[in-house]
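S.K.: One file: structure_29.pdb (PDB, C-alpha atoms, pLDDT in the B column).
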```pdb
MODEL        1
ATOM      1  CA  MET A  64      50.721  -1.106  35.129  1.00 41.00           C
ATOM      2  CA  VAL A  65      50.854   2.105  33.194  1.00 44.00           C
ATOM      3  CA  ARG A  66      48.924   2.587  30.003  1.00 46.00           C
ATOM      4  CA  GLN A  67      51.416   2.951  27.190  1.00 52.00           C
ATOM      5  CA  ALA A  68      51.229   4.628  23.865  1.00 62.00           C
ATOM      6  CA  GLN A  69      50.195   1.976  21.384  1.00 73.00           C
ATOM      7  CA  SER A  70      50.831   1.286  17.775  1.00 77.00           C
ATOM      8  CA  THR A  71      47.809   1.399  15.565  1.00 79.00           C
ATOM      9  CA  PRO A  72      47.070  -0.282  12.249  1.00 79.00           C
ATOM     10  CA  GLU A  73      48.209   3.035  10.703  1.00 84.00           C
ATOM     11  CA  THR A  74      51.654   2.994  12.391  1.00 87.00           C
ATOM     12  CA  LEU A  75      51.999  -0.643  11.360  1.00 89.00           C
ATOM     13  CA  ALA A  76      51.189   0.310   7.778  1.00 89.00           C
ATOM     14  CA  ALA A  77      53.799   3.077   8.006  1.00 91.00           C
ATOM     15  CA  ALA A  78      56.423   0.613   9.284  1.00 92.00           C
ATOM     16  CA  LEU A  79      55.586  -1.799   6.472  1.00 92.00           C
ATOM     17  CA  ARG A  80      55.897   1.017   3.926  1.00 92.00           C
ATOM     18  CA  GLU A  81      59.238   2.058   5.415  1.00 92.00           C
ATOM     19  CA  SER A  82      60.592  -1.485   5.151  1.00 92.00           C
ATOM     20  CA  PHE A  83      59.107  -2.570   1.837  1.00 93.00           C
ATOM     21  CA  GLY A  84      58.052   0.569  -0.004  1.00 92.00           C
ATOM     22  CA  GLU A  85      54.928   0.335  -2.102  1.00 90.00           C
ATOM     23  CA  ALA A  86      55.756  -3.138  -3.446  1.00 91.00           C
ATOM     24  CA  PRO A  87      52.788  -5.494  -3.304  1.00 93.00           C
ATOM     25  CA  ILE A  88      52.797  -7.973  -0.411  1.00 94.00           C
ATOM     26  CA  THR A  89      50.946 -11.178  -1.220  1.00 94.00           C
ATOM     27  CA  SER A  90      49.351 -13.541   1.255  1.00 96.00           C
ATOM     28  CA  GLY A  91      50.934 -17.030   1.272  1.00 95.00           C
ATOM     29  CA  ARG A  92      54.165 -19.098   1.314  1.00 96.00           C
ATOM     30  CA  ILE A  93      54.878 -18.040   4.912  1.00 97.00           C
ATOM     31  CA  LYS A  94      53.612 -19.796   8.019  1.00 97.00           C
ATOM     32  CA  LEU A  95      53.338 -18.263  11.461  1.00 98.00           C
ATOM     33  CA  GLU A  96      52.999 -20.599  14.432  1.00 98.00           C
ATOM     34  CA  ILE A  97      51.941 -18.717  17.545  1.00 98.00           C
ATOM     35  CA  PRO A  98      49.451 -19.598  20.292  1.00 97.00           C
ATOM     36  CA  ARG A  99      45.921 -18.383  19.636  1.00 97.00           C
ATOM     37  CA  LEU A 100      45.695 -17.752  23.388  1.00 97.00           C
ATOM     38  CA  ALA A 101      48.822 -16.450  25.148  1.00 95.00           C
ATOM     39  CA  GLU A 102      48.538 -16.533  28.919  1.00 93.00           C
ATOM     40  CA  ASN A 103      51.716 -14.540  29.495  1.00 95.00           C
ATOM     41  CA  GLY A 104      52.275 -11.698  27.061  1.00 95.00           C
ATOM     42  CA  ASN A 105      55.889 -11.396  28.167  1.00 95.00           C
ATOM     43  CA  ILE A 106      56.900 -14.730  26.665  1.00 96.00           C
ATOM     44  CA  VAL A 107      54.976 -15.745  23.579  1.00 97.00           C
ATOM     45  CA  PRO A 108      56.662 -18.478  21.530  1.00 98.00           C
ATOM     46  CA  VAL A 109      56.590 -17.846  17.796  1.00 98.00           C
ATOM     47  CA  SER A 110      57.874 -19.715  14.750  1.00 98.00           C
ATOM     48  CA  ILE A 111      58.110 -18.311  11.225  1.00 98.00           C
ATOM     49  CA  SER A 112      58.704 -20.674   8.331  1.00 98.00           C
ATOM     50  CA  VAL A 113      58.731 -20.012   4.615  1.00 98.00           C
ATOM     51  CA  ASP A 114      58.105 -22.431   1.776  1.00 97.00           C
ATOM     52  CA  SER A 115      61.429 -22.116  -0.093  1.00 97.00           C
ATOM     53  CA  PRO A 116      64.065 -24.524  -1.471  1.00 97.00           C
ATOM     54  CA  MET A 117      66.769 -22.253   0.037  1.00 98.00           C
ATOM     55  CA  SER A 118      68.958 -22.905  -3.020  1.00 97.00           C
ATOM     56  CA  GLU A 119      71.500 -20.481  -4.503  1.00 97.00           C
ATOM     57  CA  GLN A 120      68.901 -19.436  -7.095  1.00 97.00           C
ATOM     58  CA  ASP A 121      65.794 -19.329  -4.925  1.00 98.00           C
ATOM     59  CA  TYR A 122      65.977 -18.455  -1.252  1.00 98.00           C
ATOM     60  CA  VAL A 123      64.506 -16.303   1.491  1.00 98.00           C
ATOM     61  CA  LYS A 124      66.520 -13.114   1.993  1.00 98.00           C
ATOM     62  CA  SER A 125      64.828 -11.980   5.180  1.00 98.00           C
ATOM     63  CA  VAL A 126      61.844 -12.415   7.448  1.00 98.00           C
ATOM     64  CA  HIS A 127      60.236  -9.695   9.542  1.00 98.00           C
ATOM     65  CA  LEU A 128      57.799  -9.779  12.433  1.00 98.00           C
ATOM     66  CA  PHE A 129      55.396  -6.955  13.298  1.00 97.00           C
ATOM     67  CA  ALA A 130      52.906  -6.293  16.082  1.00 95.00           C
ATOM     68  CA  GLU A 131      49.815  -4.264  15.361  1.00 91.00           C
ATOM     69  CA  ARG A 132      49.261  -2.923  18.886  1.00 93.00           C
ATOM     70  CA  ASN A 133      52.571  -3.020  20.751  1.00 94.00           C
ATOM     71  CA  PRO A 134      54.188   0.313  21.689  1.00 92.00           C
ATOM     72  CA  LEU A 135      56.451  -0.217  18.662  1.00 94.00           C
ATOM     73  CA  PRO A 136      55.291  -2.073  15.554  1.00 94.00           C
ATOM     74  CA  ARG A 137      58.637  -3.767  14.841  1.00 96.00           C
ATOM     75  CA  ILE A 138      59.488  -6.959  16.707  1.00 98.00           C
ATOM     76  CA  LEU A 139      62.274  -8.651  14.794  1.00 98.00           C
ATOM     77  CA  ASP A 140      64.155  -8.593  11.472  1.00 98.00           C
ATOM     78  CA  VAL A 141      66.168 -11.642  10.385  1.00 98.00           C
ATOM     79  CA  GLU A 142      68.512 -12.019   7.418  1.00 98.00           C
ATOM     80  CA  LEU A 143      68.713 -15.481   5.909  1.00 98.00           C
ATOM     81  CA  GLY A 144      70.233 -17.062   2.809  1.00 98.00           C
ATOM     82  CA  PRO A 145      70.914 -20.303   0.965  1.00 97.00           C
ATOM     83  CA  ARG A 146      73.431 -21.360   3.657  1.00 97.00           C
ATOM     84  CA  ASN A 147      70.559 -21.884   6.095  1.00 98.00           C
ATOM     85  CA  GLY A 148      69.158 -24.829   4.143  1.00 97.00           C
ATOM     86  CA  ARG A 149      65.813 -24.339   5.829  1.00 98.00           C
ATOM     87  CA  ALA A 150      63.777 -21.137   6.141  1.00 98.00           C
ATOM     88  CA  ARG A 151      62.541 -21.349   9.703  1.00 98.00           C
ATOM     89  CA  VAL A 152      63.199 -19.068  12.687  1.00 98.00           C
ATOM     90  CA  ALA A 153      61.683 -19.410  16.149  1.00 98.00           C
ATOM     91  CA  THR A 154      61.939 -17.063  19.117  1.00 98.00           C
ATOM     92  CA  ARG A 155      59.931 -15.624  22.016  1.00 98.00           C
ATOM     93  CA  ILE A 156      58.241 -12.235  21.916  1.00 98.00           C
ATOM     94  CA  ARG A 157      56.291  -9.751  24.046  1.00 97.00           C
ATOM     95  CA  LEU A 158      52.736  -8.780  23.228  1.00 96.00           C
ATOM     96  CA  ALA A 159      51.272  -5.876  25.202  1.00 94.00           C
ATOM     97  CA  VAL A 160      47.646  -6.642  24.406  1.00 94.00           C
ATOM     98  CA  SER A 161      45.505  -8.945  22.282  1.00 95.00           C
ATOM     99  CA  GLN A 162      46.322  -8.159  18.682  1.00 95.00           C
ATOM    100  CA  GLN A 163      47.320  -9.339  15.256  1.00 95.00           C
ATOM    101  CA  VAL A 164      50.921 -10.424  14.623  1.00 97.00           C
ATOM    102  CA  ARG A 165      52.156 -10.182  11.065  1.00 96.00           C
ATOM    103  CA  ALA A 166      55.112 -11.899   9.366  1.00 98.00           C
ATOM    104  CA  VAL A 167      56.635 -10.827   6.043  1.00 98.00           C
ATOM    105  CA  ALA A 168      59.185 -12.736   3.949  1.00 98.00           C
ATOM    106  CA  VAL A 169      61.418 -11.135   1.319  1.00 98.00           C
ATOM    107  CA  MET A 170      62.441 -13.639  -1.360  1.00 98.00           C
ATOM    108  CA  SER A 171      65.617 -13.595  -3.470  1.00 98.00           C
ATOM    109  CA  ASP A 172      63.600 -12.488  -6.518  1.00 96.00           C
ATOM    110  CA  GLY A 173      62.245  -9.538  -4.537  1.00 96.00           C
ATOM    111  CA  ALA A 174      58.765 -10.988  -4.042  1.00 97.00           C
ATOM    112  CA  LEU A 175      57.085 -10.220  -0.713  1.00 97.00           C
ATOM    113  CA  TRP A 176      54.839 -12.682   1.086  1.00 97.00           C
ATOM    114  CA  PHE A 177      52.933 -12.240   4.331  1.00 96.00           C
ATOM    115  CA  THR A 178      50.709 -13.943   6.815  1.00 97.00           C
ATOM    116  CA  ALA A 179      49.000 -12.804  10.005  1.00 97.00           C
ATOM    117  CA  ALA A 180      47.704 -14.416  13.181  1.00 97.00           C
ATOM    118  CA  ASP A 181      45.386 -13.129  15.895  1.00 97.00           C
ATOM    119  CA  VAL A 182      46.634 -13.667  19.438  1.00 97.00           C
ATOM    120  CA  GLU A 183      44.507 -13.198  22.524  1.00 96.00           C
ATOM    121  CA  VAL A 184      46.696 -12.131  25.453  1.00 95.00           C
ATOM    122  CA  THR A 185      45.427 -12.933  28.960  1.00 91.00           C
ATOM    123  CA  VAL A 186      48.060 -11.047  30.989  1.00 85.00           C
ATOM    124  CA  GLY A 187      49.642  -8.405  28.801  1.00 82.00           C
ATOM    125  CA  GLY A 188      53.360  -8.039  28.594  1.00 76.00           C
ATOM    126  CA  CYS A 189      53.113  -4.598  30.165  1.00 64.00           C
ATOM    127  CA  ASP A 190      56.871  -4.504  29.696  1.00 54.00           C
ATOM    128  CA  PRO A 191      57.241  -4.547  25.940  1.00 47.00           C
TER     129      PRO A 191
ATOM    130  CA  MET B 149      78.601  -3.045  33.611  1.00 72.00           C
ATOM    131  CA  SER B 150      77.644  -5.755  31.185  1.00 87.00           C
ATOM    132  CA  ARG B 151      74.192  -7.199  31.700  1.00 92.00           C
ATOM    133  CA  PHE B 152      74.988 -10.248  29.605  1.00 96.00           C
ATOM    134  CA  GLY B 153      74.868 -13.501  31.523  1.00 96.00           C
ATOM    135  CA  LYS B 154      75.184 -17.127  30.674  1.00 97.00           C
ATOM    136  CA  VAL B 155      75.104 -18.305  27.055  1.00 98.00           C
ATOM    137  CA  TRP B 156      73.413 -21.581  26.088  1.00 98.00           C
ATOM    138  CA  VAL B 157      73.778 -23.133  22.621  1.00 98.00           C
ATOM    139  CA  ARG B 158      72.721 -26.562  21.344  1.00 98.00           C
ATOM    140  CA  LEU B 159      73.027 -28.170  17.913  1.00 97.00           C
ATOM    141  CA  SER B 160      70.872 -31.032  16.722  1.00 96.00           C
ATOM    142  CA  GLU B 161      72.653 -34.351  17.165  1.00 93.00           C
ATOM    143  CA  HIS B 162      74.314 -36.333  14.377  1.00 92.00           C
ATOM    144  CA  PRO B 163      74.560 -33.588  11.732  1.00 94.00           C
ATOM    145  CA  ARG B 164      74.625 -34.970   8.184  1.00 95.00           C
ATOM    146  CA  ARG B 165      76.610 -33.386   5.398  1.00 96.00           C
ATOM    147  CA  GLY B 166      74.388 -31.264   3.180  1.00 95.00           C
ATOM    148  CA  GLU B 167      71.472 -31.333   5.614  1.00 96.00           C
ATOM    149  CA  PRO B 168      70.282 -28.409   7.773  1.00 97.00           C
ATOM    150  CA  VAL B 169      71.411 -28.527  11.412  1.00 98.00           C
ATOM    151  CA  GLU B 170      69.060 -27.027  13.970  1.00 98.00           C
ATOM    152  CA  ILE B 171      70.702 -24.444  16.228  1.00 98.00           C
ATOM    153  CA  ARG B 172      69.130 -23.242  19.474  1.00 98.00           C
ATOM    154  CA  ALA B 173      70.853 -20.291  21.124  1.00 98.00           C
ATOM    155  CA  MET B 174      70.026 -18.217  24.188  1.00 98.00           C
ATOM    156  CA  VAL B 175      71.829 -15.509  26.146  1.00 98.00           C
ATOM    157  CA  MET B 176      70.822 -14.125  29.511  1.00 98.00           C
ATOM    158  CA  HIS B 177      69.994 -10.409  29.116  1.00 97.00           C
ATOM    159  CA  PRO B 178      67.216  -8.283  30.674  1.00 96.00           C
ATOM    160  CA  MET B 179      65.983  -6.823  27.326  1.00 97.00           C
ATOM    161  CA  GLU B 180      64.743  -3.811  29.300  1.00 96.00           C
ATOM    162  CA  SER B 181      62.176  -2.394  26.918  1.00 95.00           C
ATOM    163  CA  GLY B 182      62.348   1.274  27.877  1.00 94.00           C
ATOM    164  CA  PHE B 183      58.575   1.316  28.403  1.00 91.00           C
ATOM    165  CA  ARG B 184      58.596   0.286  32.077  1.00 91.00           C
ATOM    166  CA  LEU B 185      58.531   2.583  35.086  1.00 91.00           C
ATOM    167  CA  ASP B 186      60.401   2.007  38.340  1.00 91.00           C
ATOM    168  CA  SER B 187      58.695   1.976  41.760  1.00 92.00           C
ATOM    169  CA  VAL B 188      58.666   5.782  41.935  1.00 94.00           C
ATOM    170  CA  GLY B 189      57.351   6.288  38.430  1.00 91.00           C
ATOM    171  CA  HIS B 190      60.558   7.090  36.596  1.00 93.00           C
ATOM    172  CA  PRO B 191      61.080   5.439  33.241  1.00 92.00           C
ATOM    173  CA  ILE B 192      63.615   2.600  33.300  1.00 94.00           C
ATOM    174  CA  PRO B 193      66.060   3.277  30.437  1.00 95.00           C
ATOM    175  CA  ARG B 194      65.958   0.965  27.463  1.00 96.00           C
ATOM    176  CA  HIS B 195      68.704  -1.660  27.453  1.00 96.00           C
ATOM    177  CA  ILE B 196      68.280  -4.335  24.816  1.00 97.00           C
ATOM    178  CA  VAL B 197      70.294  -6.698  22.676  1.00 98.00           C
ATOM    179  CA  THR B 198      70.079  -5.157  19.218  1.00 98.00           C
ATOM    180  CA  VAL B 199      72.005  -7.601  17.034  1.00 98.00           C
ATOM    181  CA  PHE B 200      72.584 -11.356  17.133  1.00 98.00           C
ATOM    182  CA  THR B 201      74.763 -12.983  14.490  1.00 98.00           C
ATOM    183  CA  CYS B 202      76.104 -16.441  13.738  1.00 98.00           C
ATOM    184  CA  THR B 203      79.043 -17.212  11.468  1.00 98.00           C
ATOM    185  CA  TYR B 204      79.953 -20.674  10.179  1.00 98.00           C
ATOM    186  CA  GLY B 205      83.538 -21.170   9.071  1.00 97.00           C
ATOM    187  CA  GLY B 206      83.867 -17.376   9.115  1.00 97.00           C
ATOM    188  CA  ALA B 207      80.878 -16.665   6.852  1.00 97.00           C
ATOM    189  CA  GLU B 208      77.788 -15.031   8.302  1.00 98.00           C
ATOM    190  CA  VAL B 209      74.794 -17.359   8.135  1.00 98.00           C
ATOM    191  CA  PHE B 210      72.302 -15.597  10.411  1.00 98.00           C
ATOM    192  CA  ARG B 211      71.696 -12.002  11.454  1.00 98.00           C
ATOM    193  CA  ALA B 212      68.825 -10.877  13.648  1.00 98.00           C
ATOM    194  CA  THR B 213      67.979  -7.261  14.498  1.00 98.00           C
ATOM    195  CA  LEU B 214      66.051  -7.201  17.758  1.00 98.00           C
ATOM    196  CA  HIS B 215      63.541  -4.608  18.942  1.00 98.00           C
ATOM    197  CA  PRO B 216      62.164  -4.177  22.498  1.00 97.00           C
ATOM    198  CA  ALA B 217      59.378  -6.709  21.883  1.00 97.00           C
ATOM    199  CA  VAL B 218      61.810  -9.639  21.905  1.00 98.00           C
ATOM    200  CA  SER B 219      61.504 -11.345  25.311  1.00 97.00           C
ATOM    201  CA  SER B 220      64.216 -11.139  27.954  1.00 97.00           C
ATOM    202  CA  ASN B 221      66.963 -13.766  27.629  1.00 98.00           C
ATOM    203  CA  PRO B 222      66.558 -13.793  23.839  1.00 98.00           C
ATOM    204  CA  TYR B 223      66.223 -17.284  22.432  1.00 98.00           C
ATOM    205  CA  PHE B 224      66.515 -18.220  18.774  1.00 98.00           C
ATOM    206  CA  VAL B 225      66.068 -21.389  16.783  1.00 98.00           C
ATOM    207  CA  PHE B 226      67.434 -21.402  13.235  1.00 98.00           C
ATOM    208  CA  TYR B 227      69.203 -23.662  10.730  1.00 98.00           C
ATOM    209  CA  VAL B 228      72.473 -23.920   8.883  1.00 98.00           C
ATOM    210  CA  ARG B 229      73.282 -26.400   6.148  1.00 97.00           C
ATOM    211  CA  ALA B 230      76.193 -28.574   7.329  1.00 97.00           C
ATOM    212  CA  THR B 231      78.822 -28.348   4.583  1.00 97.00           C
ATOM    213  CA  GLN B 232      82.100 -28.655   6.495  1.00 96.00           C
ATOM    214  CA  SER B 233      83.568 -29.250   9.943  1.00 97.00           C
ATOM    215  CA  ALA B 234      83.968 -25.697  11.202  1.00 98.00           C
ATOM    216  CA  ASP B 235      83.337 -23.369  14.122  1.00 98.00           C
ATOM    217  CA  LEU B 236      80.014 -21.622  14.662  1.00 98.00           C
ATOM    218  CA  LEU B 237      80.614 -18.257  16.281  1.00 98.00           C
ATOM    219  CA  PHE B 238      77.694 -16.559  18.018  1.00 98.00           C
ATOM    220  CA  THR B 239      77.818 -12.834  18.822  1.00 98.00           C
ATOM    221  CA  TRP B 240      75.274 -10.749  20.711  1.00 98.00           C
ATOM    222  CA  THR B 241      75.647  -6.951  20.867  1.00 98.00           C
ATOM    223  CA  ASP B 242      73.527  -4.663  23.042  1.00 97.00           C
ATOM    224  CA  ASP B 243      72.672  -0.980  22.722  1.00 97.00           C
ATOM    225  CA  ARG B 244      75.434  -0.027  25.176  1.00 97.00           C
ATOM    226  CA  GLY B 245      78.106  -1.669  23.051  1.00 96.00           C
ATOM    227  CA  GLU B 246      78.520  -4.681  25.310  1.00 97.00           C
ATOM    228  CA  VAL B 247      79.212  -7.946  23.505  1.00 97.00           C
ATOM    229  CA  ALA B 248      78.814 -11.616  24.376  1.00 97.00           C
ATOM    230  CA  THR B 249      80.348 -14.333  22.207  1.00 98.00           C
ATOM    231  CA  HIS B 250      80.287 -18.095  22.137  1.00 98.00           C
ATOM    232  CA  SER B 251      81.847 -20.670  19.838  1.00 98.00           C
ATOM    233  CA  VAL B 252      80.718 -24.213  19.065  1.00 97.00           C
ATOM    234  CA  ARG B 253      82.416 -26.709  16.774  1.00 97.00           C
ATOM    235  CA  LEU B 254      80.234 -28.351  14.139  1.00 97.00           C
ATOM    236  CA  GLU B 255      81.968 -31.652  13.439  1.00 95.00           C
ATOM    237  CA  LEU B 256      81.030 -33.784  10.433  1.00 94.00           C
ATOM    238  CA  GLU B 257      82.070 -37.408  10.018  1.00 83.00           C
TER     239      GLU B 257
ENDMDL
END
```
Mind converting the file's structure to structure tokens?
M.R.:
Amino acid sequence: MVRQAQSTPETLAAALRESFGEAPITSGRIKLEIPRLAENGNIVPVSISVDSPMSEQDYVKSVHLFAERNPLPRILDVELGPRNGRARVATRIRLAVSQQVRAVAVMSDGALWFTAADVEVTVGGCDP
Amino acid sequence: MSRFGKVWVRLSEHPRRGEPVEIRAMVMHPMESGFRLDSVGHPIPRHIVTVFTCTYGGAEVFRATLHPAVSSNPYFVFYVRATQSADLLFTWTDDRGEVATHSVRLELE
């Protein structure tokens, strides 16, 4: 395994600024389900769900997943809308080391919500 | 040569009109991150799926932009509100322009 360049909280902050500008991001309304202890950093199951009626007037426009200490801070960007009926997305991700994973939701009124979860990685995805 | 392999898609059973249907979709693809080295220390070039979309009756209902931290054989669970009997078309595109597609009929009673 070769030591890779890593993101830092600063590069994560830069990625967040690039995606969302200086708009305030409030904690809440979004739920991140991810194991507290991930034995295999190459396949970490993750589920993002947002408290939203997903109606024509009030829906989630997008959800975004970030890693604080992967080689790249961006993991995934998903566009959603009222046609989904339910604001939940699940997938599997790579985490290079133990770190904080952050999820951000962009609502139809432009509001930004976030949550974060700490994940301890036993065997790092040295591939991410 | 395309590195896309088998596609696997499942819908939740007995969809009800107006209710969200759960969709689980996976495609075989190495999602080579670009951060790995081969046995002699040369970097293995990045080769990842960058976009995954789903349309329902021709309208896009899901669009994911993937980065190298999505695991190999990308797997997604998401929802679509069942409003009509129509085809769901799944499309995966990788960073070399290769495309995999799959179609599933959502049938309502």
S.K.: Name the residues that the PyMOL selection byres ((chain B and resi 233-238) around 7) picks from the file above, as an NGL selection string, using the file's chain letters and numbers.
M.R.: :B and (201-205 or 232 or 239-240 or 249-256)
S.K.: Store the residues of this selection in a file with C-alpha atoms, as a compact mmCIF listing (two decimals), keeping the file's coordinate frame.
M.R.:
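Output saved as part-v7.txt:
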```
# COMPACT_ATOMS: atom_id res chain seq x y z
CA THR B 201 74.76 -12.98 14.49
CA CYS B 202 76.10 -16.44 13.74
CA THR B 203 79.04 -17.21 11.47
CA TYR B 204 79.95 -20.67 10.18
CA GLY B 205 83.54 -21.17 9.07
CA GLN B 232 82.10 -28.66 6.50
CA THR B 239 77.82 -12.83 18.82
CA TRP B 240 75.27 -10.75 20.71
CA THR B 249 80.35 -14.33 22.21
CA HIS B 250 80.29 -18.10 22.14
CA SER B 251 81.85 -20.67 19.84
CA VAL B 252 80.72 -24.21 19.07
CA ARG B 253 82.42 -26.71 16.77
CA LEU B 254 80.23 -28.35 14.14
CA GLU B 255 81.97 -31.65 13.44
CA LEU B 256 81.03 -33.78 10.43
```
S.K.: Using all atoms listed in the file, pick whichever of A:Val126, A:Gly148, A:Asp121, A:Gly91 has the shortest atom-to-atom distance to chain B.
M.R.: A:Gly148
S.K.: Just need the residues of chain A within 8 Å of chain B, counting all atoms listed in the file, so spit them out as a ChimeraX atom specification.
M.R.: /A:65,67,105-106,133,135,137-144,146-158,189-191
S.K.: With C-alpha atoms kept, could you save the residues just selected as a compact mmCIF listing (two decimals), in the frame of the given file?
M.R.:
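Output file result.txt follows:
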```
# COMPACT_ATOMS: atom_id res chain seq x y z
CA VAL A 65 50.85 2.10 33.19
CA GLN A 67 51.42 2.95 27.19
CA ASN A 105 55.89 -11.40 28.17
CA ILE A 106 56.90 -14.73 26.66
CA ASN A 133 52.57 -3.02 20.75
CA LEU A 135 56.45 -0.22 18.66
CA ARG A 137 58.64 -3.77 14.84
CA ILE A 138 59.49 -6.96 16.71
CA LEU A 139 62.27 -8.65 14.79
CA ASP A 140 64.16 -8.59 11.47
CA VAL A 141 66.17 -11.64 10.38
CA GLU A 142 68.51 -12.02 7.42
CA LEU A 143 68.71 -15.48 5.91
CA GLY A 144 70.23 -17.06 2.81
CA ARG A 146 73.43 -21.36 3.66
CA ASN A 147 70.56 -21.88 6.10
CA GLY A 148 69.16 -24.83 4.14
CA ARG A 149 65.81 -24.34 5.83
CA ALA A 150 63.78 -21.14 6.14
CA ARG A 151 62.54 -21.35 9.70
CA VAL A 152 63.20 -19.07 12.69
CA ALA A 153 61.68 -19.41 16.15
CA THR A 154 61.94 -17.06 19.12
CA ARG A 155 59.93 -15.62 22.02
CA ILE A 156 58.24 -12.24 21.92
CA ARG A 157 56.29 -9.75 24.05
CA LEU A 158 52.74 -8.78 23.23
CA CYS A 189 53.11 -4.60 30.16
CA ASP A 190 56.87 -4.50 29.70
CA PRO A 191 57.24 -4.55 25.94
```
S.K.: Expressed in Å to a single decimal, how great is the separation between CA of Thr71 (chain A) and CA of Val184 (chain A)?
M.R.: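 Calculated distance between CA of Thr71 (chain A) and CA of Val184 (chain A) is 16.8 Å.
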S.K.: For Arg132 (chain A), which of A:Ala180, A:Met117, A:Val160, A:Leu175 is the closest residue, counting only C-alpha atoms?
M.R.: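 Going through A:Ala180, A:Met117, A:Val160, A:Leu175 one by one, the smallest distance to Arg132 (chain A) is for A:Val160.
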S.K.: Which value, in Å to one decimal, gives the distance between CA of His162 (chain B) and CA of Ile111 (chain A)?
M.R.: 24.4 Å
